[in-house]
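Structure file upload-v7.cif (mmCIF, C-alpha atoms and all ligand atoms) is printed below.
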```
data_target
#
loop_
_atom_site.group_PDB
_atom_site.id
_atom_site.type_symbol
_atom_site.label_atom_id
_atom_site.label_comp_id
_atom_site.auth_asym_id
_atom_site.auth_seq_id
_atom_site.Cartn_x
_atom_site.Cartn_y
_atom_site.Cartn_z
ATOM 1 C CA MET A 8 -50.369 -5.653 14.041
ATOM 2 C CA GLU A 9 -49.002 -3.346 11.396
ATOM 3 C CA THR A 10 -45.599 -3.208 13.024
ATOM 4 C CA ARG A 11 -45.487 -6.932 13.369
ATOM 5 C CA SER A 12 -46.260 -7.721 9.737
ATOM 6 C CA GLN A 13 -43.678 -5.149 8.673
ATOM 7 C CA ALA A 14 -41.077 -6.677 10.898
ATOM 8 C CA VAL A 15 -41.793 -10.055 9.421
ATOM 9 C CA SER A 16 -41.826 -8.943 5.799
ATOM 10 C CA ASP A 17 -38.502 -7.257 6.449
ATOM 11 C CA ARG A 18 -37.002 -10.690 6.900
ATOM 12 C CA THR A 19 -38.803 -12.593 4.223
ATOM 13 C CA TYR A 20 -37.463 -13.833 0.946
ATOM 14 C CA ASP A 21 -39.195 -12.912 -2.243
ATOM 15 C CA ARG A 22 -38.835 -16.376 -3.661
ATOM 16 C CA LYS A 23 -40.183 -15.344 -7.045
ATOM 17 C CA MET A 24 -36.934 -13.448 -7.426
ATOM 18 C CA ALA A 25 -34.692 -16.303 -6.373
ATOM 19 C CA GLY A 26 -32.441 -17.453 -9.170
ATOM 20 C CA LYS A 27 -32.695 -14.192 -11.111
ATOM 21 C CA SER A 28 -29.674 -11.998 -11.313
ATOM 22 C CA LEU A 29 -29.709 -9.386 -8.603
ATOM 23 C CA SER A 30 -29.642 -6.520 -11.137
ATOM 24 C CA GLU A 31 -32.575 -8.042 -12.956
ATOM 25 C CA ALA A 32 -34.516 -8.488 -9.726
ATOM 26 C CA CYS A 33 -33.793 -4.862 -8.761
ATOM 27 C CA ARG A 34 -35.170 -3.645 -12.072
ATOM 28 C CA GLU A 35 -38.273 -5.779 -11.694
ATOM 29 C CA LYS A 36 -38.819 -4.299 -8.272
ATOM 30 C CA GLY A 37 -38.570 -0.844 -9.789
ATOM 31 C CA LEU A 38 -35.440 0.147 -7.910
ATOM 32 C CA ARG A 39 -33.843 3.124 -9.592
ATOM 33 C CA MET A 40 -30.327 2.050 -10.471
ATOM 34 C CA THR A 41 -27.906 4.870 -9.893
ATOM 35 C CA ARG A 42 -24.268 4.252 -10.729
ATOM 36 C CA GLN A 43 -23.468 3.842 -7.024
ATOM 37 C CA ARG A 44 -26.260 1.352 -6.460
ATOM 38 C CA GLN A 45 -25.213 -0.583 -9.532
ATOM 39 C CA VAL A 46 -21.687 -0.912 -8.132
ATOM 40 C CA ILE A 47 -23.032 -2.285 -4.844
ATOM 41 C CA VAL A 48 -25.378 -4.677 -6.613
ATOM 42 C CA ASP A 49 -22.575 -5.908 -8.889
ATOM 43 C CA LEU A 50 -20.326 -6.544 -5.914
ATOM 44 C CA LEU A 51 -23.008 -8.531 -4.120
ATOM 45 C CA GLU A 52 -23.823 -10.426 -7.250
ATOM 46 C CA ASN A 53 -20.335 -11.309 -8.368
ATOM 47 C CA SER A 54 -18.586 -11.876 -5.098
ATOM 48 C CA ARG A 55 -17.686 -15.453 -4.443
ATOM 49 C CA GLU A 56 -17.622 -14.656 -0.772
ATOM 50 C CA HIS A 57 -20.279 -13.512 1.623
ATOM 51 C CA LEU A 58 -19.623 -9.824 2.164
ATOM 52 C CA ASP A 59 -20.172 -7.753 5.265
ATOM 53 C CA ALA A 60 -21.040 -4.062 5.090
ATOM 54 C CA PRO A 61 -17.543 -2.648 5.785
ATOM 55 C CA THR A 62 -16.027 -4.926 3.142
ATOM 56 C CA LEU A 63 -18.740 -3.925 0.698
ATOM 57 C CA LEU A 64 -17.981 -0.264 1.395
ATOM 58 C CA ARG A 65 -14.251 -0.787 0.915
ATOM 59 C CA GLU A 66 -14.726 -2.635 -2.370
ATOM 60 C CA ALA A 67 -17.291 -0.113 -3.620
ATOM 61 C CA ARG A 68 -14.828 2.722 -2.921
ATOM 62 C CA ARG A 69 -12.214 1.072 -5.074
ATOM 63 C CA ARG A 70 -14.635 1.457 -7.952
ATOM 64 C CA VAL A 71 -16.330 4.722 -7.034
ATOM 65 C CA PRO A 72 -14.109 6.629 -4.593
ATOM 66 C CA ALA A 73 -16.836 9.156 -3.803
ATOM 67 C CA ILE A 74 -19.335 6.590 -2.538
ATOM 68 C CA ASP A 75 -20.235 7.174 1.097
ATOM 69 C CA LYS A 76 -21.020 4.855 3.931
ATOM 70 C CA THR A 77 -24.648 5.976 4.162
ATOM 71 C CA THR A 78 -25.301 5.053 0.538
ATOM 72 C CA VAL A 79 -23.884 1.583 1.040
ATOM 73 C CA TYR A 80 -25.775 0.931 4.270
ATOM 74 C CA ARG A 81 -29.027 2.340 2.869
ATOM 75 C CA THR A 82 -28.736 0.260 -0.265
ATOM 76 C CA ILE A 83 -28.198 -2.896 1.784
ATOM 77 C CA LYS A 84 -31.254 -2.062 3.869
ATOM 78 C CA ARG A 85 -33.330 -1.357 0.792
ATOM 79 C CA LEU A 86 -32.336 -4.618 -0.881
ATOM 80 C CA ARG A 87 -33.174 -6.513 2.282
ATOM 81 C CA LYS A 88 -36.581 -4.873 2.545
ATOM 82 C CA LEU A 89 -37.317 -5.782 -1.044
ATOM 83 C CA GLY A 90 -36.442 -9.362 -0.173
ATOM 84 C CA LEU A 91 -33.588 -9.484 -2.668
ATOM 85 C CA ILE A 92 -30.688 -10.237 -0.389
ATOM 86 C CA ASP A 93 -30.371 -12.295 2.726
ATOM 87 C CA GLU A 94 -28.657 -11.266 5.904
ATOM 88 C CA LEU A 95 -26.518 -13.899 7.552
ATOM 89 C CA ASP A 96 -24.834 -14.125 10.925
ATOM 90 C CA LEU A 97 -22.168 -16.673 9.945
ATOM 91 C CA LEU A 98 -21.337 -16.993 13.637
ATOM 92 C CA HIS A 99 -20.128 -13.376 13.524
ATOM 93 C CA MET A 100 -16.771 -14.676 12.384
ATOM 94 C CA GLY A 101 -15.935 -11.662 10.218
ATOM 95 C CA GLU A 102 -13.359 -9.137 11.293
ATOM 96 C CA HIS A 103 -16.131 -6.598 11.849
ATOM 97 C CA ASP A 104 -18.447 -8.764 13.923
ATOM 98 C CA GLY A 105 -21.415 -7.780 11.777
ATOM 99 C CA HIS A 106 -23.737 -9.421 9.331
ATOM 100 C CA PHE A 107 -23.009 -10.783 5.897
ATOM 101 C CA TYR A 108 -25.087 -10.467 2.764
ATOM 102 C CA GLU A 109 -25.773 -12.616 -0.237
ATOM 103 C CA PRO A 110 -28.227 -12.393 -3.113
ATOM 104 C CA LEU A 111 -31.172 -14.742 -2.788
ATOM 105 C CA PRO A 112 -29.890 -18.160 -3.558
ATOM 106 C CA GLU A 113 -31.641 -20.111 -6.250
ATOM 107 C CA LYS A 114 -31.888 -22.940 -3.807
ATOM 108 C CA MET A 115 -31.855 -22.511 -0.090
ATOM 109 C CA HIS A 116 -28.686 -23.704 1.482
ATOM 110 C CA LEU A 117 -26.920 -23.949 4.751
ATOM 111 C CA HIS A 118 -23.580 -22.437 5.640
ATOM 112 C CA ILE A 119 -20.621 -24.173 7.203
ATOM 113 C CA VAL A 120 -18.294 -21.751 8.912
ATOM 114 C CA CYS A 121 -14.740 -22.487 10.017
ATOM 115 C CA MET A 122 -14.316 -21.058 13.485
ATOM 116 C CA GLN A 123 -10.592 -20.675 13.011
ATOM 117 C CA CYS A 124 -10.004 -19.183 9.550
ATOM 118 C CA GLY A 125 -13.530 -17.919 8.920
ATOM 119 C CA LYS A 126 -13.966 -19.764 5.640
ATOM 120 C CA VAL A 127 -17.606 -20.185 4.638
ATOM 121 C CA GLU A 128 -18.998 -22.946 2.474
ATOM 122 C CA ASP A 129 -22.479 -23.242 1.038
ATOM 123 C CA MET A 130 -24.054 -26.658 1.153
ATOM 124 C CA GLN A 131 -27.314 -28.257 0.113
ATOM 125 C CA PRO A 132 -27.530 -31.505 1.973
ATOM 126 C CA GLU A 133 -29.678 -34.241 0.502
ATOM 127 C CA THR A 134 -31.806 -34.217 3.612
ATOM 128 C CA TRP A 135 -32.714 -30.570 3.077
ATOM 129 C CA ALA A 136 -35.731 -31.392 0.925
ATOM 130 C CA GLU A 137 -36.857 -33.871 3.526
ATOM 131 C CA MET A 138 -36.605 -31.214 6.215
ATOM 132 C CA GLU A 139 -38.634 -28.791 4.095
ATOM 133 C CA ARG A 140 -41.263 -31.434 3.505
ATOM 134 C CA GLU A 141 -41.541 -32.094 7.193
ATOM 135 C CA VAL A 142 -42.029 -28.397 7.957
ATOM 136 C CA GLU A 143 -44.561 -27.969 5.162
ATOM 137 C CA THR A 144 -46.509 -31.191 5.276
ATOM 138 C CA LYS A 145 -46.347 -32.266 8.866
ATOM 139 C CA ARG A 146 -46.352 -28.836 10.443
ATOM 140 C CA GLY A 147 -48.366 -27.005 7.825
ATOM 141 C CA TYR A 148 -46.061 -24.041 7.307
ATOM 142 C CA SER A 149 -45.249 -22.464 3.975
ATOM 143 C CA ILE A 150 -41.518 -21.896 4.071
ATOM 144 C CA GLU A 151 -40.415 -18.401 3.138
ATOM 145 C CA MET A 152 -36.882 -18.551 4.358
ATOM 146 C CA ALA A 153 -34.455 -20.945 5.967
ATOM 147 C CA ARG A 154 -31.194 -20.311 7.692
ATOM 148 C CA VAL A 155 -28.888 -22.915 9.122
ATOM 149 C CA GLU A 156 -25.318 -22.368 10.217
ATOM 150 C CA ILE A 157 -22.857 -24.998 11.269
ATOM 151 C CA GLY A 158 -19.622 -24.012 12.988
ATOM 152 C CA GLY A 159 -16.495 -26.123 13.182
ATOM 153 C CA TYR A 160 -12.934 -26.462 11.942
ATOM 154 C CA CYS A 161 -12.164 -26.951 8.268
ATOM 155 C CA PRO A 162 -9.781 -29.742 7.185
ATOM 156 C CA GLU A 163 -6.780 -27.376 6.917
ATOM 157 C CA CYS A 164 -7.375 -25.859 10.335
ATOM 158 C CA ARG A 165 -7.947 -29.276 11.860
ATOM 159 C CA ARG A 166 -4.597 -30.393 10.544
ATOM 160 C CA ALA A 167 -2.894 -27.284 11.885
ATOM 161 C CA ARG A 168 -4.589 -27.681 15.268
ATOM 162 C CA SER A 169 -3.518 -31.271 15.627
ATOM 163 C CA GLY A 170 0.031 -30.119 14.904
ATOM 164 C CA ALA A 171 0.434 -32.466 11.955
HETATM 165 ZN ZN ZN B 201 -10.334 -23.127 8.631
HETATM 166 ZN ZN ZN B 202 -24.433 -18.644 1.046
#
```
Would you mind giving the structure from this file in structure tokens?
Ligand SMILES: [Zn+2]
Ligand SMILES: [Zn+2]
Amino acid sequence: METRSQAVSDRTYDRKMAGKSLSEACREKGLRMTRQRQVIVDLLENSREHLDAPTLLREARRRVPAIDKTTVYRTIKRLRKLGLIDELDLLHMGEHDGHFYEPLPEKMHLHIVCMQCGKVEDMQPETWAEMEREVETKRGYSIEMARVEIGGYCPECRRARSGA
């Protein structure tokens, strides 16, 4: 039982923290902010893209050359366990075939991934609320997290593929 609830909580949002800045949420969770951790948190917070671990490491090293891989990977794990960042598959379209991370979104959203160029867009469809209502009211769940990914070709790649 213990293992199971841990496994589940490992993947659960802390929705109270959603919408706060990641640094703020870290402080509220009592995470000691070393300079290296702060750099990682800032990168996650300010990136306009969804970052994977190797990219995060590369970017962190540009700011703090001494930062090591273990620190970056441990920090990611820690933030996930605290429910402060979400781990995404994004169809494993990144160059490293791994997961991507983003701070808890204020509002849950789905991701559209271009299967050619790897571009990722966030989207909150109007029907999202309806879907949540159905899960909560009709099925009786309390939603703690939601993850939807749609793969396809973006307008630019479609044009290129059709040879126009
Ligand atoms: Zn594309
Ligand atoms: Zn996103």
What is the distance between CA of Met24 in chain A and CA of Glu151 in chain A, in Å to one decimal?
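A separation of 12.2 Å between them.
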Selection within 9 Å of ligand ZN 201 (chain B) by only C-alpha atoms and all ligand atoms, output as a VMD selection string:
chain A and resid 120 to 127 159 to 165
For ligand ZN 202 (chain B), the nearest of the candidates A:Leu51, A:Ala167, A:Leu95, A:Ala60, counting all atoms listed in the file
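Going through A:Leu51, A:Ala167, A:Leu95, A:Ala60 one by one, the smallest distance to ligand ZN 202 (chain B) is for A:Leu95.
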Computed interatomic separation between CA of Glu66 in chain A and CA of Ile47 in chain A (Å)
8.7 Å
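The closest residue to ligand ZN 202 (chain B), picked from A:Ser54, A:Ser28, A:Ser169, A:Gln45 and counting only C-alpha atoms and all ligand atoms, is A:Ser54.
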For a quick check of understanding, using only C-alpha atoms and all ligand atoms, which of A:Lys84, A:Arg70, A:Lys114, A:Arg168 has the smallest distance to ligand ZN 202 (chain B)?
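Nearest candidate to ligand ZN 202 (chain B) out of A:Lys84, A:Arg70, A:Lys114, A:Arg168: A:Lys114.
Around ligand ZN 202 (chain B), the neighbouring residues within 7 Å, taking only C-alpha atoms and all ligand atoms, come to His57, Glu109, His116, Leu117, His118 and Asp129 of chain A.
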CA of Pro132 in chain A and CA of Ala32 in chain A are how many Å apart?
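Pair CA of Pro132 in chain A / CA of Ala32 in chain A returns 26.7 Å.
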Counting only C-alpha atoms, find the residues whose atoms lie at most 10 Å from (-20.2, 3.4, 0.1) (file coordinates) and write them out as a tab-separated table (two decimals) with C-alpha atoms, in the frame of the given file.
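part-v1.tsv, written as the output of this step:
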```tsv
chain	number	residue	atom	x	y	z
A	43	GLN	CA	-23.47	3.84	-7.02
A	44	ARG	CA	-26.26	1.35	-6.46
A	46	VAL	CA	-21.69	-0.91	-8.13
A	47	ILE	CA	-23.03	-2.28	-4.84
A	60	ALA	CA	-21.04	-4.06	5.09
A	61	PRO	CA	-17.54	-2.65	5.78
A	62	THR	CA	-16.03	-4.93	3.14
A	63	LEU	CA	-18.74	-3.92	0.70
A	64	LEU	CA	-17.98	-0.26	1.40
A	65	ARG	CA	-14.25	-0.79	0.92
A	66	GLU	CA	-14.73	-2.64	-2.37
A	67	ALA	CA	-17.29	-0.11	-3.62
A	68	ARG	CA	-14.83	2.72	-2.92
A	69	ARG	CA	-12.21	1.07	-5.07
A	70	ARG	CA	-14.64	1.46	-7.95
A	71	VAL	CA	-16.33	4.72	-7.03
A	72	PRO	CA	-14.11	6.63	-4.59
A	73	ALA	CA	-16.84	9.16	-3.80
A	74	ILE	CA	-19.34	6.59	-2.54
A	75	ASP	CA	-20.24	7.17	1.10
A	76	LYS	CA	-21.02	4.86	3.93
A	77	THR	CA	-24.65	5.98	4.16
A	78	THR	CA	-25.30	5.05	0.54
A	79	VAL	CA	-23.88	1.58	1.04
A	80	TYR	CA	-25.78	0.93	4.27
A	81	ARG	CA	-29.03	2.34	2.87
A	82	THR	CA	-28.74	0.26	-0.26
```
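Restricting the calculation to only C-alpha atoms, the smallest distance between Leu86 in chain A and any of A:Arg146, A:Arg39, A:Arg154, A:Arg166 is found for A:Arg39.
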Find the residue from A:Met100, A:Asp93, A:Leu111, A:Glu128 that sits nearest to Arg55 in chain A; use all atoms listed in the file when measuring.
A:Glu128
Would you please work out which residue, of A:Leu97, A:Val48, A:Ala153, A:Met115, is nearest to Ile83 in chain A when using only C-alpha atoms?
A:Val48
With the input short on atoms, add N, CA and C atoms back to range 126-154 of chain A and write it as a short mmCIF file (atom, residue, chain, number, x, y, z; two decimals), keeping the file's coordinate frame.
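For reference, rebuild_28.cif as written:
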```cif
data_model
loop_
_atom_site.label_atom_id
_atom_site.label_comp_id
_atom_site.auth_asym_id
_atom_site.auth_seq_id
_atom_site.Cartn_x
_atom_site.Cartn_y
_atom_site.Cartn_z
N LYS A 126 -13.48 -19.33 6.95
CA LYS A 126 -13.97 -19.76 5.64
C LYS A 126 -15.45 -20.17 5.72
N VAL A 127 -16.18 -19.85 4.66
CA VAL A 127 -17.61 -20.18 4.64
C VAL A 127 -17.91 -21.03 3.42
N GLU A 128 -18.57 -22.13 3.61
CA GLU A 128 -19.00 -22.95 2.47
C GLU A 128 -20.51 -23.05 2.44
N ASP A 129 -21.05 -23.02 1.22
CA ASP A 129 -22.48 -23.24 1.04
C ASP A 129 -22.70 -24.72 0.83
N MET A 130 -23.80 -25.23 1.32
CA MET A 130 -24.05 -26.66 1.15
C MET A 130 -25.55 -26.92 1.06
N GLN A 131 -25.92 -27.82 0.18
CA GLN A 131 -27.31 -28.26 0.11
C GLN A 131 -27.36 -29.74 0.40
N PRO A 132 -27.53 -30.08 1.64
CA PRO A 132 -27.53 -31.50 1.97
C PRO A 132 -28.74 -32.20 1.35
N GLU A 133 -28.58 -33.48 1.11
CA GLU A 133 -29.68 -34.24 0.50
C GLU A 133 -30.91 -34.26 1.39
N THR A 134 -30.68 -34.15 2.68
CA THR A 134 -31.81 -34.22 3.61
C THR A 134 -32.57 -32.90 3.70
N TRP A 135 -32.07 -31.89 3.01
CA TRP A 135 -32.71 -30.57 3.08
C TRP A 135 -34.17 -30.64 2.62
N ALA A 136 -34.38 -31.29 1.48
CA ALA A 136 -35.73 -31.39 0.92
C ALA A 136 -36.65 -32.12 1.90
N GLU A 137 -36.09 -33.10 2.55
CA GLU A 137 -36.86 -33.87 3.53
C GLU A 137 -37.28 -32.98 4.70
N MET A 138 -36.33 -32.13 5.12
CA MET A 138 -36.60 -31.21 6.22
C MET A 138 -37.70 -30.22 5.82
N GLU A 139 -37.61 -29.72 4.58
CA GLU A 139 -38.63 -28.79 4.10
C GLU A 139 -40.01 -29.46 4.06
N ARG A 140 -40.00 -30.70 3.57
CA ARG A 140 -41.26 -31.43 3.50
C ARG A 140 -41.88 -31.60 4.90
N GLU A 141 -41.04 -31.90 5.84
CA GLU A 141 -41.54 -32.09 7.19
C GLU A 141 -42.17 -30.81 7.73
N VAL A 142 -41.50 -29.68 7.48
CA VAL A 142 -42.03 -28.40 7.96
C VAL A 142 -43.34 -28.07 7.25
N GLU A 143 -43.38 -28.34 5.94
CA GLU A 143 -44.56 -27.97 5.16
C GLU A 143 -45.72 -28.95 5.35
N THR A 144 -45.42 -30.22 5.23
CA THR A 144 -46.51 -31.19 5.28
C THR A 144 -46.94 -31.51 6.71
N LYS A 145 -45.96 -31.85 7.52
CA LYS A 145 -46.35 -32.27 8.87
C LYS A 145 -46.74 -31.10 9.75
N ARG A 146 -46.06 -29.96 9.55
CA ARG A 146 -46.35 -28.84 10.44
C ARG A 146 -47.23 -27.77 9.80
N GLY A 147 -47.43 -27.89 8.50
CA GLY A 147 -48.37 -27.00 7.82
C GLY A 147 -47.88 -25.59 7.55
N TYR A 148 -46.58 -25.37 7.62
CA TYR A 148 -46.06 -24.04 7.31
C TYR A 148 -45.78 -23.92 5.81
N SER A 149 -45.85 -22.68 5.29
CA SER A 149 -45.25 -22.46 3.98
C SER A 149 -43.90 -21.82 4.27
N ILE A 150 -42.86 -22.39 3.75
CA ILE A 150 -41.52 -21.90 4.07
C ILE A 150 -41.19 -20.68 3.22
N GLU A 151 -40.81 -19.61 3.86
CA GLU A 151 -40.42 -18.40 3.14
C GLU A 151 -38.92 -18.17 3.22
N MET A 152 -38.33 -18.68 4.23
CA MET A 152 -36.88 -18.55 4.36
C MET A 152 -36.35 -19.66 5.25
N ALA A 153 -35.07 -19.94 5.11
CA ALA A 153 -34.46 -20.94 5.97
C ALA A 153 -33.02 -20.53 6.20
N ARG A 154 -32.56 -20.72 7.39
CA ARG A 154 -31.19 -20.31 7.69
C ARG A 154 -30.60 -21.29 8.68
#
```
